[in-house]
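Read the structure below first, then the notes.
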Amino acid sequence: MRAFRVHRPGPAAEGPLERVEVATPAPAPDELLVRVLACGVCRTDLHVAEGDLPVHRRDVVPGHEVVGRVVGVGERVRGFVEGERVGVAWLRRTCGECRFCRRGAENLCPRSLYTGWDADGGYADHTTVPADYAHRLPEGYTDTELAPLLCAGIIGHHALRRAELPAGGRLGVYGFGGSAHLATQVALAQGATVHVMTRSPAARELALRLGVASAQDAADRPPEPLDAAILFAPVGDLVPRALEALDRGGTLAVAGIHLTEVPPLDYQRHLFQERTLRSVTSNTRTDARAFLRLAGEHHLEVSTVPYPLEHAGDALADLAADRITGAAVLVP
């Protein structure tokens with residue numbers, strides 16, 4: 001099969017991906033073999049390819065927003081059959097034994113493993129997934145539309161919960177890519193007023209079309225104090241700006257797995273009056289399934305830019321250069 005692996009991490013414009021022909025993997029006894037129908041291009045893939053994240057597996061095949069068709073079933077798997085359409089997401093395995101797993105916070109498991117980082121992912125014709133971590137998918141979406149839901153959608157929803165937006169509250173969204181444009185729609189459906197800060201004019205246009213109250217440059221202050229904010233852009237310089245934009249008691253959730261250095265914070269300007277700064281770390285399977293149920297009940301508009309699998313490197317380079325509005329998706 002074809003696969004694109006991270007042979008030498010470096011800037012996306014310099015081509016860190018290498019195209020290879022490799023044997024189609026065989027599923028382990030507890031795994032499914034999946035023929036990839038679509039694979040979203042996530043900013044986390046970019047961090048893996050560019051070396052922002054430490055190497056967990058040499059020559060790894062990135063991709064963890066996979067929509068696929070089951071073509072092989074491990075001998076211990078129950079509940080899945082060949083021909084089913086399933087989703088493969090970032091969280092691949094957890095230990096099930098640590099105090100975090102036992103209390104329902106498996107996203108904090110210190111022995112957790114991740115698709116496209118610890119194991120080969122969806123920048124390929126086929127991939128595998130432990131059956132316990134495969135997801136049933138909602139109807140009413142194409143393969144290409146479903147792919148971003150499997151990370152951008154899931155983590156955006158988790159970030160929205162971490163931000164503790166009150167009912168009818170005012171939400172600030174910093175950065176407006178694949179995850180932000182989905183989380184924004186969920187917040188709007190819940191009655192929030194949403195203000196978007198992003199440097200991309202095309203993203204601002206998309207945000208306004210989706211119904212936000214305002215859209216301005218990333219460095220601009222929103223037109224009113226915020227009850228909550230989510231930082232999707234991996235830019236540490238925006239943390240003080242977002243905190244300063246919060247009203248009393250507001251919360252800022254940082255949604256990315258990687259963030260550039262955060263400047264010094266001033267207690268009075270950024271944190272006093274019970275403002276809260278929180279990180280977002282992966283998600284649990286319960287989080288993922290709750291979001292996918294929501295997406296089935298309330299159809300989301302998924303803005304995608306498709307690329308042939310052969311152009312995986314171009315998709316990463318375009319993402320790095322902010323040339324994508326919405327979510328890039330690889331289609332084998």
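Note on naming: chains are A, B, ... as they come in the structure tokens, residues start from 1 per chain, ligands start from 1 in the order shown.
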
Selection near range 255-266 of chain A, 9 Å with only C-alpha atoms, sequence-local residues under 6 positions removed, as a PyMOL selection string = chain A and resi 43-44+47+52-53+155-156+158-159+230-240+272+278-282

What residues in range 99-323 of chain A get the DSSP label helix (DSSP H, G or I)? Please answer as a PyMOL selection string.
-> chain A and resi 99-102+106-108+131-133+143-162+178-189+201-210+238-245+267-271+285-297+309-320

Smallest atom-to-atom distance to Val48 in chain A: which of A:Leu316, A:Ala167, A:Val129, A:Ala152, using only C-alpha atoms?
-> A:Leu316

Shell of 10 Å around Arg76 in chain A, only C-alpha atoms, local chain residues under 3 positions omitted, as a PDB file with C-alpha atoms, in the first residue's frame:
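Saved the output as part-v1.pdb:
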```
ATOM      1  CA  ALA A  28      -3.732  -7.655  15.927  1.00  0.00           C
ATOM      2  CA  PRO A  29      -6.254  -9.986  17.597  1.00  0.00           C
ATOM      3  CA  ASP A  30      -8.073  -7.004  19.193  1.00  0.00           C
ATOM      4  CA  GLU A  31      -7.835  -4.693  16.167  1.00  0.00           C
ATOM      5  CA  VAL A  73     -11.320  -8.181  11.902  1.00  0.00           C
ATOM      6  CA  ALA A 131     -11.711  -2.177  18.184  1.00  0.00           C
TER       7      ALA A 131
END
```

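The interatomic distance for the pair CA of Gly326 in chain A and CA of Glu50 in chain A works out to 20.8 Å.
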
Within 7 Å of range 209-217 of chain A, counting only C-alpha atoms, which residues show up once you throw out same-chain ones fewer than 3 positions away? Write them as number ranges by chain, please.
-> A: 193-199, 204-206, 220

Output of the above residues as a PDB file, in the first residue's frame, restricted to N, CA and C atoms:
```pdb
ATOM      1  N   THR A 193     -23.140  34.049  22.393  1.00  0.00           N
ATOM      2  CA  THR A 193     -22.660  35.108  21.515  1.00  0.00           C
ATOM      3  C   THR A 193     -21.171  34.853  21.299  1.00  0.00           C
ATOM      4  N   VAL A 194     -20.747  34.762  20.048  1.00  0.00           N
ATOM      5  CA  VAL A 194     -19.373  34.360  19.761  1.00  0.00           C
ATOM      6  C   VAL A 194     -18.636  35.478  19.031  1.00  0.00           C
ATOM      7  N   HIS A 195     -17.439  35.771  19.511  1.00  0.00           N
ATOM      8  CA  HIS A 195     -16.542  36.739  18.866  1.00  0.00           C
ATOM      9  C   HIS A 195     -15.277  35.992  18.439  1.00  0.00           C
ATOM     10  N   VAL A 196     -14.870  36.172  17.187  1.00  0.00           N
ATOM     11  CA  VAL A 196     -13.727  35.447  16.629  1.00  0.00           C
ATOM     12  C   VAL A 196     -12.570  36.404  16.406  1.00  0.00           C
ATOM     13  N   MET A 197     -11.376  35.971  16.811  1.00  0.00           N
ATOM     14  CA  MET A 197     -10.139  36.702  16.574  1.00  0.00           C
ATOM     15  C   MET A 197      -9.198  35.796  15.771  1.00  0.00           C
ATOM     16  N   THR A 198      -8.920  36.172  14.544  1.00  0.00           N
ATOM     17  CA  THR A 198      -8.043  35.374  13.681  1.00  0.00           C
ATOM     18  C   THR A 198      -7.371  36.270  12.663  1.00  0.00           C
ATOM     19  N   ARG A 199      -6.163  35.916  12.264  1.00  0.00           N
ATOM     20  CA  ARG A 199      -5.428  36.767  11.322  1.00  0.00           C
ATOM     21  C   ARG A 199      -5.834  36.529   9.874  1.00  0.00           C
ATOM     22  N   ARG A 204     -12.207  34.883   8.767  1.00  0.00           N
ATOM     23  CA  ARG A 204     -13.163  35.842   9.323  1.00  0.00           C
ATOM     24  C   ARG A 204     -14.457  35.839   8.521  1.00  0.00           C
ATOM     25  N   GLU A 205     -14.337  35.735   7.209  1.00  0.00           N
ATOM     26  CA  GLU A 205     -15.535  35.661   6.359  1.00  0.00           C
ATOM     27  C   GLU A 205     -16.352  34.415   6.683  1.00  0.00           C
ATOM     28  N   LEU A 206     -15.677  33.271   6.850  1.00  0.00           N
ATOM     29  CA  LEU A 206     -16.384  32.037   7.194  1.00  0.00           C
ATOM     30  C   LEU A 206     -17.079  32.186   8.541  1.00  0.00           C
ATOM     31  N   ASP A 220      -6.618  41.967  17.862  1.00  0.00           N
ATOM     32  CA  ASP A 220      -7.634  42.930  18.274  1.00  0.00           C
ATOM     33  C   ASP A 220      -8.373  42.458  19.526  1.00  0.00           C
TER      34      ASP A 220
END
```

Correct to one decimal, the distance CA of Val41 in chain A-CA of Tyr123 in chain A is 8.9 Å

Could you pull the residues within 9 Å of Val186 in chain A, counting only C-alpha atoms, minus those fewer than 5 positions along the same chain, as a ChimeraX atom specification?
-> /A:157,160,191-192,294,298,300

Those residues with N, CA, C and O atoms, as a compact mmCIF listing (two decimals), in the first residue's frame please?
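The new file result21.txt reads:
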```txt
# COMPACT_ATOMS: atom_id res chain seq x y z
N HIS A 157 -15.14 20.41 21.03
CA HIS A 157 -16.25 20.23 21.98
C HIS A 157 -15.73 20.09 23.40
O HIS A 157 -16.28 20.67 24.35
N LEU A 160 -14.63 23.45 24.62
CA LEU A 160 -15.78 24.26 24.96
C LEU A 160 -16.27 23.93 26.37
O LEU A 160 -16.62 24.82 27.16
N GLY A 191 -26.85 28.93 22.17
CA GLY A 191 -27.31 30.26 22.51
C GLY A 191 -26.23 31.25 22.89
O GLY A 191 -26.53 32.34 23.39
N ALA A 192 -24.96 30.93 22.62
CA ALA A 192 -23.87 31.83 22.97
C ALA A 192 -23.73 32.96 21.95
O ALA A 192 -24.13 32.83 20.80
N LEU A 294 -24.01 14.19 19.26
CA LEU A 294 -24.49 15.55 19.06
C LEU A 294 -24.45 15.91 17.57
O LEU A 294 -25.39 16.52 17.05
N HIS A 298 -27.63 17.25 15.49
CA HIS A 298 -27.62 18.64 15.01
C HIS A 298 -26.57 18.74 13.91
O HIS A 298 -25.37 18.82 14.20
N LEU A 300 -23.86 19.71 11.51
CA LEU A 300 -22.88 20.78 11.49
C LEU A 300 -22.42 21.03 10.06
O LEU A 300 -22.29 20.10 9.27
```

Closest of A:Thr286, A:Ser179, A:Thr276, A:Thr24 to Ala134 in chain A - atom-to-atom distances counting only C-alpha atoms = A:Thr286

Within 12 Å of Arg323 in chain A, counting only C-alpha atoms, which residues show up once you throw out same-chain ones fewer than 6 positions away? Write them as a PDB file with all heavy atoms, in the first residue's frame, please.
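Output (around22.pdb):
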```pdb
ATOM      1  N   GLY A 177      -9.656  27.655  12.582  1.00  0.00           N
ATOM      2  CA  GLY A 177      -9.411  26.580  11.638  1.00  0.00           C
ATOM      3  C   GLY A 177     -10.423  25.464  11.774  1.00  0.00           C
ATOM      4  O   GLY A 177     -11.590  25.689  12.103  1.00  0.00           O
ATOM      5  N   ARG A 199      -6.163  35.916  12.264  1.00  0.00           N
ATOM      6  CA  ARG A 199      -5.428  36.767  11.322  1.00  0.00           C
ATOM      7  C   ARG A 199      -5.834  36.529   9.874  1.00  0.00           C
ATOM      8  O   ARG A 199      -5.458  37.279   8.992  1.00  0.00           O
ATOM      9  CB  ARG A 199      -3.926  36.542  11.477  1.00  0.00           C
ATOM     10  CG  ARG A 199      -3.429  35.154  11.097  1.00  0.00           C
ATOM     11  CD  ARG A 199      -1.958  35.007  11.403  1.00  0.00           C
ATOM     12  NE  ARG A 199      -1.449  33.711  10.980  1.00  0.00           N
ATOM     13  CZ  ARG A 199      -0.184  33.312  11.149  1.00  0.00           C
ATOM     14  NH1 ARG A 199       0.678  34.133  11.737  1.00  0.00           N
ATOM     15  NH2 ARG A 199       0.211  32.126  10.755  1.00  0.00           N
ATOM     16  N   SER A 200      -6.607  35.485   9.609  1.00  0.00           N
ATOM     17  CA  SER A 200      -6.979  35.129   8.237  1.00  0.00           C
ATOM     18  C   SER A 200      -8.255  35.841   7.802  1.00  0.00           C
ATOM     19  O   SER A 200      -9.325  35.608   8.383  1.00  0.00           O
ATOM     20  CB  SER A 200      -7.180  33.619   8.117  1.00  0.00           C
ATOM     21  OG  SER A 200      -7.826  33.286   6.898  1.00  0.00           O
ATOM     22  N   PRO A 201      -8.208  36.689   6.767  1.00  0.00           N
ATOM     23  CA  PRO A 201      -9.440  37.317   6.266  1.00  0.00           C
ATOM     24  C   PRO A 201     -10.472  36.297   5.800  1.00  0.00           C
ATOM     25  O   PRO A 201     -11.671  36.471   6.030  1.00  0.00           O
ATOM     26  CB  PRO A 201      -8.943  38.188   5.106  1.00  0.00           C
ATOM     27  CG  PRO A 201      -7.504  38.456   5.406  1.00  0.00           C
ATOM     28  CD  PRO A 201      -7.005  37.200   6.067  1.00  0.00           C
ATOM     29  N   ALA A 202     -10.028  35.214   5.142  1.00  0.00           N
ATOM     30  CA  ALA A 202     -10.972  34.193   4.677  1.00  0.00           C
ATOM     31  C   ALA A 202     -11.653  33.506   5.855  1.00  0.00           C
ATOM     32  O   ALA A 202     -12.854  33.200   5.806  1.00  0.00           O
ATOM     33  CB  ALA A 202     -10.251  33.168   3.809  1.00  0.00           C
ATOM     34  N   ALA A 203     -10.904  33.257   6.932  1.00  0.00           N
ATOM     35  CA  ALA A 203     -11.501  32.646   8.121  1.00  0.00           C
ATOM     36  C   ALA A 203     -12.501  33.589   8.777  1.00  0.00           C
ATOM     37  O   ALA A 203     -13.535  33.149   9.278  1.00  0.00           O
ATOM     38  CB  ALA A 203     -10.405  32.251   9.106  1.00  0.00           C
ATOM     39  N   VAL A 305     -11.344  21.226   2.634  1.00  0.00           N
ATOM     40  CA  VAL A 305     -10.552  21.396   1.407  1.00  0.00           C
ATOM     41  C   VAL A 305      -9.924  20.041   1.113  1.00  0.00           C
ATOM     42  O   VAL A 305      -8.994  19.619   1.806  1.00  0.00           O
ATOM     43  CB  VAL A 305      -9.467  22.468   1.582  1.00  0.00           C
ATOM     44  CG1 VAL A 305      -8.687  22.653   0.278  1.00  0.00           C
ATOM     45  CG2 VAL A 305     -10.077  23.790   2.036  1.00  0.00           C
ATOM     46  N   ASP A 314       1.707  18.722   0.402  1.00  0.00           N
ATOM     47  CA  ASP A 314       1.155  20.035   0.063  1.00  0.00           C
ATOM     48  C   ASP A 314       0.122  20.470   1.094  1.00  0.00           C
ATOM     49  O   ASP A 314       0.048  21.656   1.461  1.00  0.00           O
ATOM     50  CB  ASP A 314       0.511  20.009  -1.322  1.00  0.00           C
ATOM     51  CG  ASP A 314       1.512  19.728  -2.430  1.00  0.00           C
ATOM     52  OD1 ASP A 314       2.698  20.068  -2.255  1.00  0.00           O
ATOM     53  OD2 ASP A 314       1.104  19.178  -3.465  1.00  0.00           O
ATOM     54  N   ALA A 315      -0.694  19.526   1.552  1.00  0.00           N
ATOM     55  CA  ALA A 315      -1.713  19.859   2.548  1.00  0.00           C
ATOM     56  C   ALA A 315      -1.067  20.351   3.839  1.00  0.00           C
ATOM     57  O   ALA A 315      -1.519  21.345   4.435  1.00  0.00           O
ATOM     58  CB  ALA A 315      -2.597  18.646   2.822  1.00  0.00           C
ATOM     59  N   LEU A 316      -0.001  19.685   4.281  1.00  0.00           N
ATOM     60  CA  LEU A 316       0.690  20.132   5.493  1.00  0.00           C
ATOM     61  C   LEU A 316       1.318  21.512   5.293  1.00  0.00           C
ATOM     62  O   LEU A 316       1.260  22.367   6.179  1.00  0.00           O
ATOM     63  CB  LEU A 316       1.769  19.123   5.890  1.00  0.00           C
ATOM     64  CG  LEU A 316       1.337  17.884   6.668  1.00  0.00           C
ATOM     65  CD1 LEU A 316       2.562  17.047   7.029  1.00  0.00           C
ATOM     66  CD2 LEU A 316       0.557  18.247   7.923  1.00  0.00           C
ATOM     67  N   ALA A 317       1.932  21.725   4.129  1.00  0.00           N
ATOM     68  CA  ALA A 317       2.554  23.020   3.858  1.00  0.00           C
ATOM     69  C   ALA A 317       1.515  24.131   3.815  1.00  0.00           C
ATOM     70  O   ALA A 317       1.740  25.238   4.334  1.00  0.00           O
ATOM     71  CB  ALA A 317       3.328  22.959   2.542  1.00  0.00           C
TER      72      ALA A 317
END
```
